[in-house]
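Participant: So I've got this file, my_file-v5.csv, and it contains CSV, C-alpha atoms:
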```
chain,number,residue,atom,x,y,z
A,1,MET,CA,-25.1,-35.3,4.5
A,2,ALA,CA,-22.9,-32.2,4.5
A,3,SER,CA,-19.3,-32.7,3.3
A,4,ILE,CA,-16.4,-31.8,5.6
A,5,THR,CA,-13.7,-29.4,4.4
A,6,SER,CA,-10.6,-27.9,5.9
A,7,ASP,CA,-8.6,-24.9,4.7
A,8,PRO,CA,-5.2,-24.8,6.4
A,9,ALA,CA,-2.5,-22.4,5.3
A,10,ILE,CA,0.7,-24.4,5.4
A,11,SER,CA,4.5,-23.9,5.0
A,12,LEU,CA,6.6,-25.9,2.6
A,13,ASP,CA,7.8,-28.0,5.5
A,14,GLY,CA,4.3,-28.8,6.7
A,15,PHE,CA,3.6,-26.3,9.6
A,16,ILE,CA,0.3,-24.5,9.8
A,17,ALA,CA,1.5,-22.2,12.6
A,18,GLY,CA,4.8,-21.2,14.0
A,19,PRO,CA,6.1,-22.3,17.4
A,20,ASP,CA,5.2,-20.6,20.8
A,21,GLN,CA,1.6,-19.5,20.1
A,22,SER,CA,0.5,-16.8,22.5
A,23,LEU,CA,-1.5,-13.7,22.9
A,24,GLN,CA,1.3,-11.8,21.2
A,25,HIS,CA,1.8,-14.4,18.5
A,26,PRO,CA,-1.5,-16.0,17.7
A,27,LEU,CA,-0.1,-17.7,14.6
A,28,GLY,CA,3.1,-18.7,16.4
A,29,VAL,CA,6.4,-16.9,15.9
A,30,GLY,CA,6.8,-16.3,12.2
A,31,GLY,CA,3.4,-17.8,11.4
A,32,GLU,CA,2.1,-14.7,9.8
A,33,ALA,CA,4.3,-15.6,6.8
A,34,LEU,CA,1.7,-18.3,6.0
A,35,HIS,CA,-1.0,-15.7,5.4
A,36,ARG,CA,0.7,-13.0,3.3
A,37,TRP,CA,-1.5,-14.1,0.4
A,38,HIS,CA,-4.6,-13.1,2.5
A,39,PHE,CA,-3.4,-9.7,3.3
A,40,GLU,CA,-1.3,-8.7,0.3
A,41,GLN,CA,-3.3,-10.3,-2.5
A,42,PRO,CA,-6.9,-10.4,-1.4
A,43,GLU,CA,-8.3,-9.8,-4.9
A,44,GLU,CA,-6.1,-12.4,-6.6
A,45,ASN,CA,-7.1,-14.9,-4.0
A,46,ALA,CA,-10.7,-13.9,-3.6
A,47,ALA,CA,-12.3,-17.2,-4.6
A,48,GLU,CA,-10.3,-19.2,-2.1
A,49,LEU,CA,-10.8,-16.6,0.7
A,50,ASP,CA,-14.6,-16.6,0.0
A,51,ALA,CA,-14.6,-20.4,0.1
A,52,ILE,CA,-12.9,-20.5,3.5
A,53,CYS,CA,-15.9,-18.8,5.1
A,54,SER,CA,-18.7,-20.3,3.1
A,55,ALA,CA,-19.5,-23.3,5.4
A,56,GLY,CA,-22.7,-23.7,7.2
A,57,ALA,CA,-21.0,-24.4,10.4
A,58,TYR,CA,-17.4,-24.6,11.8
A,59,VAL,CA,-15.4,-26.6,14.3
A,60,MET,CA,-12.2,-25.3,15.9
A,61,GLY,CA,-9.9,-26.4,18.7
A,62,ARG,CA,-9.7,-24.5,21.9
A,63,ASN,CA,-6.2,-23.3,21.2
A,64,MET,CA,-7.4,-21.7,18.0
A,65,TYR,CA,-10.2,-19.9,19.8
A,66,GLY,CA,-8.0,-18.2,22.4
A,67,PRO,CA,-4.6,-18.1,24.2
A,68,ASP,CA,-5.9,-19.0,27.6
A,69,ARG,CA,-5.5,-22.5,29.0
A,70,GLY,CA,-7.2,-24.3,31.9
A,71,GLU,CA,-10.2,-22.4,33.2
A,72,TRP,CA,-12.0,-20.4,30.5
A,73,ASP,CA,-11.3,-16.6,30.5
A,74,LEU,CA,-14.9,-15.6,30.1
A,75,ASP,CA,-14.0,-12.2,28.9
A,76,TRP,CA,-12.2,-13.6,25.8
A,77,GLN,CA,-14.4,-13.7,22.7
A,78,GLY,CA,-11.9,-14.9,20.1
A,79,TRP,CA,-9.3,-13.3,18.0
A,80,TRP,CA,-11.6,-11.8,15.4
A,81,GLY,CA,-13.2,-8.7,17.0
A,82,ASP,CA,-16.9,-8.1,17.3
A,83,ASP,CA,-17.8,-9.4,13.9
A,84,PRO,CA,-15.9,-12.6,13.2
A,85,PRO,CA,-15.7,-13.8,9.6
A,86,TYR,CA,-17.6,-17.0,10.1
A,87,HIS,CA,-21.2,-15.6,10.2
A,88,GLY,CA,-22.6,-18.9,11.5
A,89,PRO,CA,-22.2,-21.3,14.3
A,90,VAL,CA,-18.7,-22.2,15.4
A,91,PHE,CA,-18.3,-25.3,17.7
A,92,VAL,CA,-15.2,-24.9,19.9
A,93,LEU,CA,-13.7,-28.1,21.4
A,94,GLY,CA,-12.7,-28.0,25.1
A,95,HIS,CA,-12.8,-29.9,28.4
A,96,ARG,CA,-15.0,-27.4,30.3
A,97,SER,CA,-18.5,-26.2,29.4
A,98,ARG,CA,-19.5,-22.6,29.2
A,99,GLU,CA,-22.4,-20.6,27.7
A,100,SER,CA,-22.4,-19.8,24.1
A,101,VAL,CA,-21.1,-16.5,22.9
A,102,PRO,CA,-23.1,-14.7,20.3
A,103,MET,CA,-21.2,-12.2,18.2
A,104,GLN,CA,-22.2,-9.6,15.6
A,105,GLY,CA,-22.8,-10.8,12.0
A,106,GLY,CA,-24.3,-14.2,12.9
A,107,THR,CA,-21.3,-15.9,14.4
A,108,THR,CA,-22.0,-17.7,17.6
A,109,PHE,CA,-19.3,-19.6,19.5
A,110,HIS,CA,-20.6,-22.8,21.1
A,111,PHE,CA,-18.5,-24.9,23.5
A,112,VAL,CA,-18.4,-28.6,23.2
A,113,THR,CA,-17.0,-31.0,25.8
A,114,GLY,CA,-17.9,-34.3,24.1
A,115,GLY,CA,-14.9,-34.5,21.8
A,116,ILE,CA,-14.6,-34.4,18.0
A,117,GLU,CA,-17.5,-36.7,17.3
A,118,GLU,CA,-20.0,-34.6,19.2
A,119,ALA,CA,-18.7,-31.4,17.7
A,120,LEU,CA,-19.0,-32.8,14.2
A,121,ARG,CA,-22.6,-34.1,14.9
A,122,LEU,CA,-23.7,-30.7,16.2
A,123,ALA,CA,-22.0,-28.9,13.3
A,124,ARG,CA,-23.6,-31.1,10.8
A,125,GLU,CA,-27.0,-30.5,12.3
A,126,ALA,CA,-26.4,-26.8,12.3
A,127,ALA,CA,-25.1,-26.7,8.7
A,128,GLY,CA,-28.1,-28.4,7.2
A,129,ASP,CA,-27.4,-28.8,3.4
A,130,ARG,CA,-24.2,-26.8,3.6
A,131,HIS,CA,-20.8,-28.1,4.4
A,132,VAL,CA,-18.9,-28.2,7.7
A,133,SER,CA,-15.4,-26.6,7.9
A,134,ILE,CA,-12.7,-27.8,10.4
A,135,CYS,CA,-10.9,-24.5,11.1
A,136,GLY,CA,-7.9,-25.7,13.0
A,137,GLY,CA,-5.4,-25.8,14.7
A,138,ALA,CA,-3.2,-28.6,13.6
A,139,SER,CA,-4.2,-31.0,16.4
A,140,THR,CA,-7.9,-30.6,15.6
A,141,ILE,CA,-7.4,-31.1,11.9
A,142,ASN,CA,-5.1,-34.1,12.5
A,143,GLN,CA,-7.7,-35.7,14.7
A,144,TYR,CA,-10.4,-35.3,12.0
A,145,LEU,CA,-8.0,-36.6,9.3
A,146,ALA,CA,-7.1,-39.6,11.5
A,147,ALA,CA,-10.8,-40.4,11.9
A,148,GLY,CA,-11.3,-40.2,8.1
A,149,TYR,CA,-13.9,-37.4,8.3
A,150,ILE,CA,-12.4,-34.8,6.0
A,151,ASP,CA,-13.7,-35.1,2.4
A,152,GLU,CA,-11.8,-32.1,1.0
A,153,LEU,CA,-8.5,-30.8,2.3
A,154,ARG,CA,-7.8,-27.5,0.7
A,155,LEU,CA,-4.1,-26.7,1.4
A,156,HIS,CA,-2.9,-23.1,0.9
A,157,VAL,CA,0.8,-23.6,0.6
A,158,ALA,CA,2.9,-20.6,1.3
A,159,PRO,CA,6.3,-20.7,-0.3
A,160,VAL,CA,8.2,-20.3,3.0
A,161,VAL,CA,10.0,-22.7,5.4
A,162,LEU,CA,9.2,-22.2,9.1
A,163,GLY,CA,11.5,-24.9,10.5
A,164,ARG,CA,9.3,-25.6,13.5
A,165,GLY,CA,5.8,-25.1,14.7
A,166,GLU,CA,2.5,-26.9,14.6
A,167,ALA,CA,2.7,-29.8,12.1
A,168,LEU,CA,-0.2,-30.9,10.0
A,169,PHE,CA,-0.1,-34.6,9.2
A,170,ARG,CA,1.7,-35.5,12.4
A,171,ASP,CA,1.4,-39.3,13.2
A,172,LEU,CA,-0.6,-39.9,10.0
A,173,PRO,CA,1.8,-42.0,7.9
A,174,GLY,CA,0.2,-43.7,4.9
A,175,LEU,CA,-2.6,-41.1,4.5
A,176,GLU,CA,-3.3,-40.6,0.8
A,177,PHE,CA,-5.4,-38.3,-1.2
A,178,GLU,CA,-6.2,-37.5,-4.8
A,179,VAL,CA,-5.4,-34.1,-6.2
A,180,ALA,CA,-8.6,-32.4,-7.4
A,181,SER,CA,-7.1,-29.1,-8.5
A,182,SER,CA,-4.4,-26.5,-8.0
A,183,ARG,CA,-3.9,-22.9,-8.7
A,184,SER,CA,-1.2,-20.4,-7.6
A,185,THR,CA,-0.3,-16.8,-7.2
A,186,SER,CA,3.2,-15.6,-6.4
A,187,LEU,CA,2.5,-16.0,-2.7
A,188,VAL,CA,0.5,-19.2,-2.5
A,189,THR,CA,-0.3,-22.5,-4.2
A,190,HIS,CA,-3.9,-23.6,-3.5
A,191,VAL,CA,-4.1,-27.4,-3.7
A,192,THR,CA,-7.5,-29.2,-3.2
A,193,LEU,CA,-7.1,-32.8,-2.0
A,194,CYS,CA,-9.9,-35.3,-1.9
A,195,ARG,CA,-10.1,-38.4,0.2
A,196,THR,CA,-9.3,-41.5,-1.9
A,197,THR,CA,-12.2,-43.7,-2.3
A,198,GLY,CA,-10.0,-46.9,-2.4
B,1,MET,CA,25.7,-18.4,-16.5
B,2,ALA,CA,23.6,-21.5,-16.5
B,3,SER,CA,20.7,-21.5,-14.0
B,4,ILE,CA,20.5,-24.1,-11.3
B,5,THR,CA,17.3,-26.2,-10.9
B,6,SER,CA,16.2,-29.1,-8.8
B,7,ASP,CA,13.2,-31.4,-9.2
B,8,PRO,CA,12.5,-33.3,-6.0
B,9,ALA,CA,9.4,-35.4,-5.6
B,10,ILE,CA,8.1,-34.7,-2.1
B,11,SER,CA,5.4,-35.9,0.3
B,12,LEU,CA,2.8,-33.6,1.9
B,13,ASP,CA,4.9,-33.7,5.0
B,14,GLY,CA,8.1,-32.7,3.3
B,15,PHE,CA,10.0,-35.9,2.7
B,16,ILE,CA,11.7,-36.7,-0.6
B,17,ALA,CA,12.5,-40.3,0.4
B,18,GLY,CA,11.3,-42.8,2.9
B,19,PRO,CA,13.4,-43.9,5.9
B,20,ASP,CA,16.0,-46.7,5.8
B,21,GLN,CA,17.3,-46.3,2.2
B,22,SER,CA,19.1,-49.5,1.1
B,23,LEU,CA,19.7,-51.7,-1.9
B,24,GLN,CA,16.3,-53.2,-1.4
B,25,HIS,CA,14.6,-49.8,-0.8
B,26,PRO,CA,16.5,-47.2,-2.9
B,27,LEU,CA,13.8,-44.6,-2.3
B,28,GLY,CA,13.5,-45.6,1.4
B,29,VAL,CA,10.6,-47.6,2.8
B,30,GLY,CA,7.4,-46.4,1.2
B,31,GLY,CA,9.2,-43.8,-0.9
B,32,GLU,CA,7.9,-45.2,-4.1
B,33,ALA,CA,4.6,-43.6,-3.3
B,34,LEU,CA,6.3,-40.3,-4.2
B,35,HIS,CA,6.8,-41.4,-7.8
B,36,ARG,CA,3.4,-43.0,-8.8
B,37,TRP,CA,2.9,-40.0,-11.2
B,38,HIS,CA,6.1,-41.1,-13.0
B,39,PHE,CA,5.0,-44.6,-13.6
B,40,GLU,CA,1.2,-44.5,-13.7
B,41,GLN,CA,0.7,-41.2,-15.6
B,42,PRO,CA,3.8,-40.7,-17.8
B,43,GLU,CA,1.8,-39.1,-20.6
B,44,GLU,CA,-0.1,-36.7,-18.4
B,45,ASN,CA,3.2,-35.6,-16.8
B,46,ALA,CA,5.3,-35.8,-19.9
B,47,ALA,CA,6.3,-32.1,-19.8
B,48,GLU,CA,7.6,-32.3,-16.3
B,49,LEU,CA,9.3,-35.6,-16.8
B,50,ASP,CA,11.1,-34.3,-19.9
B,51,ALA,CA,12.2,-31.2,-18.0
B,52,ILE,CA,13.8,-33.2,-15.2
B,53,CYS,CA,16.3,-34.7,-17.6
B,54,SER,CA,16.8,-31.7,-19.8
B,55,ALA,CA,19.8,-30.2,-18.0
B,56,GLY,CA,23.3,-29.9,-19.5
B,57,ALA,CA,24.9,-31.4,-16.4
B,58,TYR,CA,23.8,-32.9,-13.0
B,59,VAL,CA,25.0,-33.0,-9.5
B,60,MET,CA,24.0,-35.8,-7.0
B,61,GLY,CA,25.0,-36.9,-3.6
B,62,ARG,CA,26.8,-40.2,-3.0
B,63,ASN,CA,23.8,-41.7,-1.3
B,64,MET,CA,21.7,-41.1,-4.3
B,65,TYR,CA,24.3,-42.7,-6.6
B,66,GLY,CA,24.5,-46.0,-4.7
B,67,PRO,CA,23.8,-47.9,-1.5
B,68,ASP,CA,27.4,-48.5,-0.6
B,69,ARG,CA,29.2,-46.5,2.1
B,70,GLY,CA,32.8,-46.0,3.0
B,71,GLU,CA,35.1,-47.4,0.3
B,72,TRP,CA,33.6,-47.3,-3.2
B,73,ASP,CA,32.1,-50.5,-4.6
B,74,LEU,CA,33.7,-50.2,-8.0
B,75,ASP,CA,31.3,-52.7,-9.6
B,76,TRP,CA,28.4,-50.4,-8.8
B,77,GLN,CA,27.3,-48.2,-11.7
B,78,GLY,CA,24.2,-46.5,-10.3
B,79,TRP,CA,20.6,-47.5,-10.0
B,80,TRP,CA,19.6,-46.7,-13.6
B,81,GLY,CA,20.9,-49.7,-15.7
B,82,ASP,CA,23.2,-49.4,-18.7
B,83,ASP,CA,21.5,-46.3,-20.1
B,84,PRO,CA,20.7,-43.8,-17.3
B,85,PRO,CA,18.2,-41.1,-18.1
B,86,TYR,CA,20.7,-38.2,-17.7
B,87,HIS,CA,22.4,-38.5,-21.1
B,88,GLY,CA,25.1,-36.1,-20.0
B,89,PRO,CA,27.7,-35.6,-17.3
B,90,VAL,CA,26.7,-36.3,-13.7
B,91,PHE,CA,29.0,-35.1,-10.9
B,92,VAL,CA,28.7,-37.3,-7.8
B,93,LEU,CA,29.8,-35.9,-4.5
B,94,GLY,CA,32.0,-38.0,-2.2
B,95,HIS,CA,35.0,-38.1,0.0
B,96,ARG,CA,37.1,-40.6,-2.1
B,97,SER,CA,38.2,-40.1,-5.6
B,98,ARG,CA,37.7,-42.7,-8.3
B,99,GLU,CA,37.7,-42.9,-12.1
B,100,SER,CA,34.8,-41.6,-14.1
B,101,VAL,CA,32.2,-44.2,-15.2
B,102,PRO,CA,31.0,-43.8,-18.8
B,103,MET,CA,27.6,-45.3,-19.5
B,104,GLN,CA,25.5,-45.8,-22.6
B,105,GLY,CA,23.5,-42.9,-24.0
B,106,GLY,CA,25.9,-40.2,-23.1
B,107,THR,CA,25.7,-40.4,-19.3
B,108,THR,CA,29.1,-40.2,-17.5
B,109,PHE,CA,29.4,-40.3,-13.8
B,110,HIS,CA,32.3,-38.2,-12.5
B,111,PHE,CA,33.4,-38.3,-8.8
B,112,VAL,CA,34.1,-35.0,-7.0
B,113,THR,CA,35.9,-34.8,-3.7
B,114,GLY,CA,36.0,-31.0,-3.4
B,115,GLY,CA,32.5,-30.5,-2.1
B,116,ILE,CA,29.4,-28.7,-3.4
B,117,GLU,CA,31.2,-25.7,-4.7
B,118,GLU,CA,33.6,-27.7,-6.9
B,119,ALA,CA,30.9,-30.0,-8.1
B,120,LEU,CA,28.8,-27.0,-9.2
B,121,ARG,CA,31.8,-25.3,-10.9
B,122,LEU,CA,32.5,-28.5,-12.9
B,123,ALA,CA,28.8,-28.9,-13.7
B,124,ARG,CA,28.5,-25.4,-14.9
B,125,GLU,CA,31.5,-25.7,-17.1
B,126,ALA,CA,30.2,-28.9,-18.6
B,127,ALA,CA,26.7,-27.5,-19.1
B,128,GLY,CA,27.8,-24.6,-21.2
B,129,ASP,CA,24.6,-22.6,-22.0
B,130,ARG,CA,22.3,-25.2,-20.5
B,131,HIS,CA,21.2,-25.4,-16.9
B,132,VAL,CA,22.6,-27.5,-14.1
B,133,SER,CA,20.2,-29.8,-12.1
B,134,ILE,CA,20.8,-30.8,-8.5
B,135,CYS,CA,19.3,-34.3,-8.5
B,136,GLY,CA,19.3,-35.1,-4.7
B,137,GLY,CA,19.1,-36.5,-2.2
B,138,ALA,CA,17.8,-34.3,0.5
B,139,SER,CA,21.1,-33.5,2.1
B,140,THR,CA,22.6,-32.5,-1.2
B,141,ILE,CA,19.6,-30.3,-2.2
B,142,ASN,CA,19.5,-28.7,1.3
B,143,GLN,CA,23.2,-27.8,1.1
B,144,TYR,CA,22.7,-26.1,-2.3
B,145,LEU,CA,19.5,-24.3,-0.9
B,146,ALA,CA,21.4,-23.2,2.2
B,147,ALA,CA,24.1,-21.7,0.0
B,148,GLY,CA,21.5,-19.9,-2.1
B,149,TYR,CA,22.4,-21.5,-5.4
B,150,ILE,CA,19.1,-23.0,-6.6
B,151,ASP,CA,17.3,-20.6,-8.9
B,152,GLU,CA,14.3,-22.8,-9.6
B,153,LEU,CA,13.0,-25.4,-7.2
B,154,ARG,CA,10.4,-27.5,-9.0
B,155,LEU,CA,8.5,-29.5,-6.3
B,156,HIS,CA,6.5,-32.5,-7.5
B,157,VAL,CA,4.2,-32.9,-4.5
B,158,ALA,CA,2.7,-36.4,-4.1
B,159,PRO,CA,-0.6,-36.4,-2.2
B,160,VAL,CA,0.7,-38.8,0.4
B,161,VAL,CA,2.0,-38.6,4.0
B,162,LEU,CA,5.2,-40.6,4.7
B,163,GLY,CA,5.6,-39.8,8.4
B,164,ARG,CA,9.3,-40.0,8.3
B,165,GLY,CA,12.2,-40.2,5.9
B,166,GLU,CA,14.6,-37.7,4.3
B,167,ALA,CA,13.4,-34.2,4.9
B,168,LEU,CA,13.8,-31.4,2.4
B,169,PHE,CA,14.2,-28.0,4.0
B,170,ARG,CA,15.8,-29.3,7.1
B,171,ASP,CA,17.5,-26.6,9.1
B,172,LEU,CA,16.5,-23.9,6.6
B,173,PRO,CA,14.0,-21.8,8.6
B,174,GLY,CA,13.2,-18.5,6.9
B,175,LEU,CA,13.9,-19.7,3.4
B,176,GLU,CA,11.4,-18.0,1.0
B,177,PHE,CA,10.4,-18.3,-2.6
B,178,GLU,CA,8.0,-16.9,-5.1
B,179,VAL,CA,5.6,-19.3,-6.7
B,180,ALA,CA,6.1,-19.1,-10.5
B,181,SER,CA,3.5,-21.7,-11.6
B,182,SER,CA,1.6,-24.8,-10.6
B,183,ARG,CA,-0.2,-27.6,-12.3
B,184,SER,CA,-1.7,-30.9,-11.1
B,185,THR,CA,-2.9,-34.3,-12.1
B,186,SER,CA,-4.7,-36.6,-9.7
B,187,LEU,CA,-1.3,-38.0,-8.4
B,188,VAL,CA,0.9,-34.9,-8.2
B,189,THR,CA,1.0,-31.2,-7.9
B,190,HIS,CA,3.9,-29.6,-9.8
B,191,VAL,CA,4.9,-26.3,-8.1
B,192,THR,CA,7.7,-24.2,-9.5
B,193,LEU,CA,9.4,-22.0,-6.9
B,194,CYS,CA,11.8,-19.2,-7.8
B,195,ARG,CA,14.3,-17.6,-5.5
B,196,THR,CA,13.1,-14.3,-4.2
B,197,THR,CA,15.2,-11.5,-5.5
B,198,GLY,CA,14.6,-9.4,-2.3
```
Before anything else, please render the file you have as C-alpha cells.
Facilitator:
Amino acid sequence: MASITSDPAISLDGFIAGPDQSLQHPLGVGGEALHRWHFEQPEENAAELDAICSAGAYVMGRNMYGPDRGEWDLDWQGWWGDDPPYHGPVFVLGHRSRESVPMQGGTTFHFVTGGIEEALRLAREAAGDRHVSICGGASTINQYLAAGYIDELRLHVAPVVLGRGEALFRDLPGLEFEVASSRSTSLVTHVTLCRTTG
Amino acid sequence: MASITSDPAISLDGFIAGPDQSLQHPLGVGGEALHRWHFEQPEENAAELDAICSAGAYVMGRNMYGPDRGEWDLDWQGWWGDDPPYHGPVFVLGHRSRESVPMQGGTTFHFVTGGIEEALRLAREAAGDRHVSICGGASTINQYLAAGYIDELRLHVAPVVLGRGEALFRDLPGLEFEVASSRSTSLVTHVTLCRTTG
C-alpha cells in the first residue's frame, strides 16, 4: 500500500502559516518567510522541492485550496495558476460537493465530502504504487497525524519565528517520531521524521 | 570578545521543558523526553554533548538552578550533585543576593541580582577568550535572544510533541537566523543557528 507523506514548511515556533490567511495573504501574514528557501535557493534545495511534488496523489484541506468559505466560489481554481505543480489528482476536503476541476499538466482537483478517511482511500486508489502526500494546511495534517496515517513527515524548518499562525502539532501531546535524516542550507533545515513502530 | 552560545533541547512544538516544573519534575512533566539522546545515545552525540559544557562561563535563570522560590534555600546546591558538569563559573540570575557556592570539579555558582546585562558582563570577564553559554531556562534564553546577545543558538530538536510547557521564542516574532549546520541521530536533530548579520 502506498505510504503517506507530508512536507510542511514550518517556523522555529511550530507554525506552518502566518495568521489571518486571506486572498491577499495566502500563507498568512508573514508566512512567506517560511518559503524563502523555495524561491531564493531552488537549486540548493532541488531534491526536496522535487520530492514534494513526486506523489501519485494529494490531499489538501479546503482552506489550502482557496480563500472562500461557505458556498464554493466555482470560478476559483486554486492558487497555482493554469498548471499547478501537482500533475496528478488532488483530493480537496470540504463539506459541499462540486464537480472536479481539471487543470493543465495533469492536475485535477476532486472534492470530497466524506472526511479524511474517504479522501485518503480515494487518493490511495489513485496513487497506485506511488505515495500519497498530505499537502496541508495545519488542520488537515494534524487530523492525519492524530489518526496515525502519516508514515513520513518531512519538516522544512525555516530559521524564523512567526509568533502566531497555524500551528502544526496542535492537540497532539505525546506524539513521537524517529529522525531518519536531516540536511540544511542557510535558509532551511530539512528533517525527515518517521513514525515510531513502538 | 567571547561569543555567546545557547544549547536548548527543544520539542517539535517549541518547548524546552514540560509544564509544572518542580523538585519531582525538574524538566517539567514529560520533559525528560527532550533528553533521551543524552542518555540513550551518548556516544553518537558526543561532539554536541562535549560542546554544551565547553564554555568558559555560564549564565542560568534561578528556576533552572533550583525548585525553591522566594527566599533562597541555602541548603540547595543545584540539581547536578557534588560535581556539576560545568567545571567553571556559573552566574545564576535572581532577585536576592547570597554567597557563592563552590562545588567539586571547578564549578562555582555565583548569584547575580543586577539582571541579564550584569550577569553577561561578569560571565564574559570570567570566560576570558572562551565563549559564554546561556544555559536556560526558556525565560532566560528568551531575554538574551530579545536583547540580541546570542550569536549561536544550537537547537537540539527531539522528535516529540509536548503540547505544553516552557516555550522558547515566546514573544519574539520576526526573529531570524541563518542555518549554519545540521546533523541528526534517530533521537535528535542538532541545528546550529547563527544571528543574521543583516
Participant: Counting only C-alpha atoms, which residues of chain B sit at most 8 Å from some atom of chain A, and what is each one's closest atom pair with its distance in Å to one decimal, listed by chain and rising residue number, as JSON lines?
Facilitator:
```
{"residue": "B:Leu12", "atom": "CA", "partner": "A:Gly14", "partner_atom": "CA", "distance": 7.0}
{"residue": "B:Asp13", "atom": "CA", "partner": "A:Gly14", "partner_atom": "CA", "distance": 5.2}
{"residue": "B:Gly14", "atom": "CA", "partner": "A:Asp13", "partner_atom": "CA", "distance": 5.2}
{"residue": "B:Pro159", "atom": "CA", "partner": "A:Phe177", "partner_atom": "CA", "distance": 5.3}
{"residue": "B:Val160", "atom": "CA", "partner": "A:Glu176", "partner_atom": "CA", "distance": 4.4}
{"residue": "B:Val161", "atom": "CA", "partner": "A:Pro173", "partner_atom": "CA", "distance": 5.2}
{"residue": "B:Leu162", "atom": "CA", "partner": "A:Pro173", "partner_atom": "CA", "distance": 4.9}
{"residue": "B:Gly163", "atom": "CA", "partner": "A:Pro173", "partner_atom": "CA", "distance": 4.4}
{"residue": "B:Arg164", "atom": "CA", "partner": "A:Pro173", "partner_atom": "CA", "distance": 7.8}
{"residue": "B:Leu168", "atom": "CA", "partner": "A:Asp13", "partner_atom": "CA", "distance": 7.6}
{"residue": "B:Phe169", "atom": "CA", "partner": "A:Asp13", "partner_atom": "CA", "distance": 6.6}
{"residue": "B:Arg170", "atom": "CA", "partner": "A:Gly163", "partner_atom": "CA", "distance": 7.0}
{"residue": "B:Asp171", "atom": "CA", "partner": "A:Gly163", "partner_atom": "CA", "distance": 6.4}
{"residue": "B:Leu172", "atom": "CA", "partner": "A:Gly163", "partner_atom": "CA", "distance": 6.4}
{"residue": "B:Pro173", "atom": "CA", "partner": "A:Gly163", "partner_atom": "CA", "distance": 4.4}
{"residue": "B:Gly174", "atom": "CA", "partner": "A:Val161", "partner_atom": "CA", "distance": 5.5}
{"residue": "B:Leu175", "atom": "CA", "partner": "A:Val161", "partner_atom": "CA", "distance": 5.3}
{"residue": "B:Glu176", "atom": "CA", "partner": "A:Val160", "partner_atom": "CA", "distance": 4.4}
{"residue": "B:Phe177", "atom": "CA", "partner": "A:Pro159", "partner_atom": "CA", "distance": 5.3}
{"residue": "B:Glu178", "atom": "CA", "partner": "A:Ser186", "partner_atom": "CA", "distance": 5.1}
{"residue": "B:Val179", "atom": "CA", "partner": "A:Ser186", "partner_atom": "CA", "distance": 4.4}
{"residue": "B:Ala180", "atom": "CA", "partner": "A:Ser186", "partner_atom": "CA", "distance": 6.1}
{"residue": "B:Ser181", "atom": "CA", "partner": "A:Ser184", "partner_atom": "CA", "distance": 6.3}
{"residue": "B:Ser182", "atom": "CA", "partner": "A:Ser184", "partner_atom": "CA", "distance": 6.0}
{"residue": "B:Arg183", "atom": "CA", "partner": "A:Ser182", "partner_atom": "CA", "distance": 6.1}
{"residue": "B:Ser184", "atom": "CA", "partner": "A:Ser182", "partner_atom": "CA", "distance": 6.0}
{"residue": "B:Thr185", "atom": "CA", "partner": "A:Val179", "partner_atom": "CA", "distance": 6.4}
{"residue": "B:Ser186", "atom": "CA", "partner": "A:Val179", "partner_atom": "CA", "distance": 4.4}
{"residue": "B:Leu187", "atom": "CA", "partner": "A:Val179", "partner_atom": "CA", "distance": 6.1}
{"residue": "B:Val188", "atom": "CA", "partner": "A:Val179", "partner_atom": "CA", "distance": 6.7}
{"residue": "B:Thr189", "atom": "CA", "partner": "A:Ser182", "partner_atom": "CA", "distance": 7.2}
{"residue": "B:Val191", "atom": "CA", "partner": "A:Thr189", "partner_atom": "CA", "distance": 7.5}
{"residue": "B:Leu193", "atom": "CA", "partner": "A:Pro159", "partner_atom": "CA", "distance": 7.4}
```
Participant: How many Å lie between CA of His25 in chain A and CA of Asp83 in chain A, rounded to one decimal?
Facilitator: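 Atom-to-atom, CA of His25 in chain A to CA of Asp83 in chain A, that is 20.7 Å.
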Participant: For CA of Thr108 in chain A and CA of Ala138 in chain A, determine how far apart the two atoms are, in Å to one decimal place.
Facilitator: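 We find that CA of Thr108 in chain A and CA of Ala138 in chain A lie 22.1 Å from each other.
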Participant: Using all atoms listed in the file, which of A:Leu120, A:Asp151, A:Glu125, A:His156 sits nearest Trp37 in chain A?
Facilitator: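 Of A:Leu120, A:Asp151, A:Glu125, A:His156, the one nearest Trp37 in chain A is A:His156, counting all atoms listed in the file.
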Participant: Can you tell me, as lines of an AutoDock Vina configuration file, the centre and edge lengths (Å, one decimal) of the axis-aligned box enclosing all of range 132-141 of chain B's listed atoms after padding each side by 6 Å?
Facilitator:
```
center_x = 20.2
center_y = -32.0
center_z = -6.0
size_x = 16.8
size_y = 21.0
size_z = 28.2
```
Participant: Please provide the set of residues having any atom within 8 Å of Ile141 in chain A, restricted to only C-alpha atoms, with same-chain residues fewer than 5 positions apart removed, written as a list in words.
Facilitator: Ser6, Ile134, Cys135, Gly136 and Leu168 of chain A
Participant: Report as a list in words all protein, DNA and RNA residues lying within 8 Å of Ser100 in chain B, evaluated on all atoms listed in the file, omitting residues in the same chain fewer than 6 positions from it.
Facilitator: Thr108, Phe109, His110 and Phe111 of chain B
Participant: Using Å and a single decimal, report how far CA of Thr140 in chain B sits from CA of Arg96 in chain B.
Facilitator: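 Result for CA of Arg96 in chain B versus CA of Thr140 in chain B: 16.6 Å, one decimal.
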Participant: Using all atoms listed in the file, pick whichever of B:Gly88, B:Gly31, B:Pro26, B:Gly70 has the shortest atom-to-atom distance to Ala9 in chain B.
Facilitator: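 The shortest atom-to-atom distance to Ala9 in chain B comes from B:Gly31.
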Participant: Determine the nearest neighbour of Leu34 in chain A from the options A:Asp50, A:Asp68, A:Ala17, A:Pro84, counting only C-alpha atoms.
Facilitator: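 Nearest candidate to Leu34 in chain A out of A:Asp50, A:Asp68, A:Ala17, A:Pro84: A:Ala17.
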Participant: Go through A:Met60, A:Ala119, A:Val92, A:Ile52 and flag the residue nearest Thr5 in chain A, using only C-alpha atoms for the distances.
Facilitator: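 Using only C-alpha atoms, the shortest distance to Thr5 in chain A belongs to A:Ile52.
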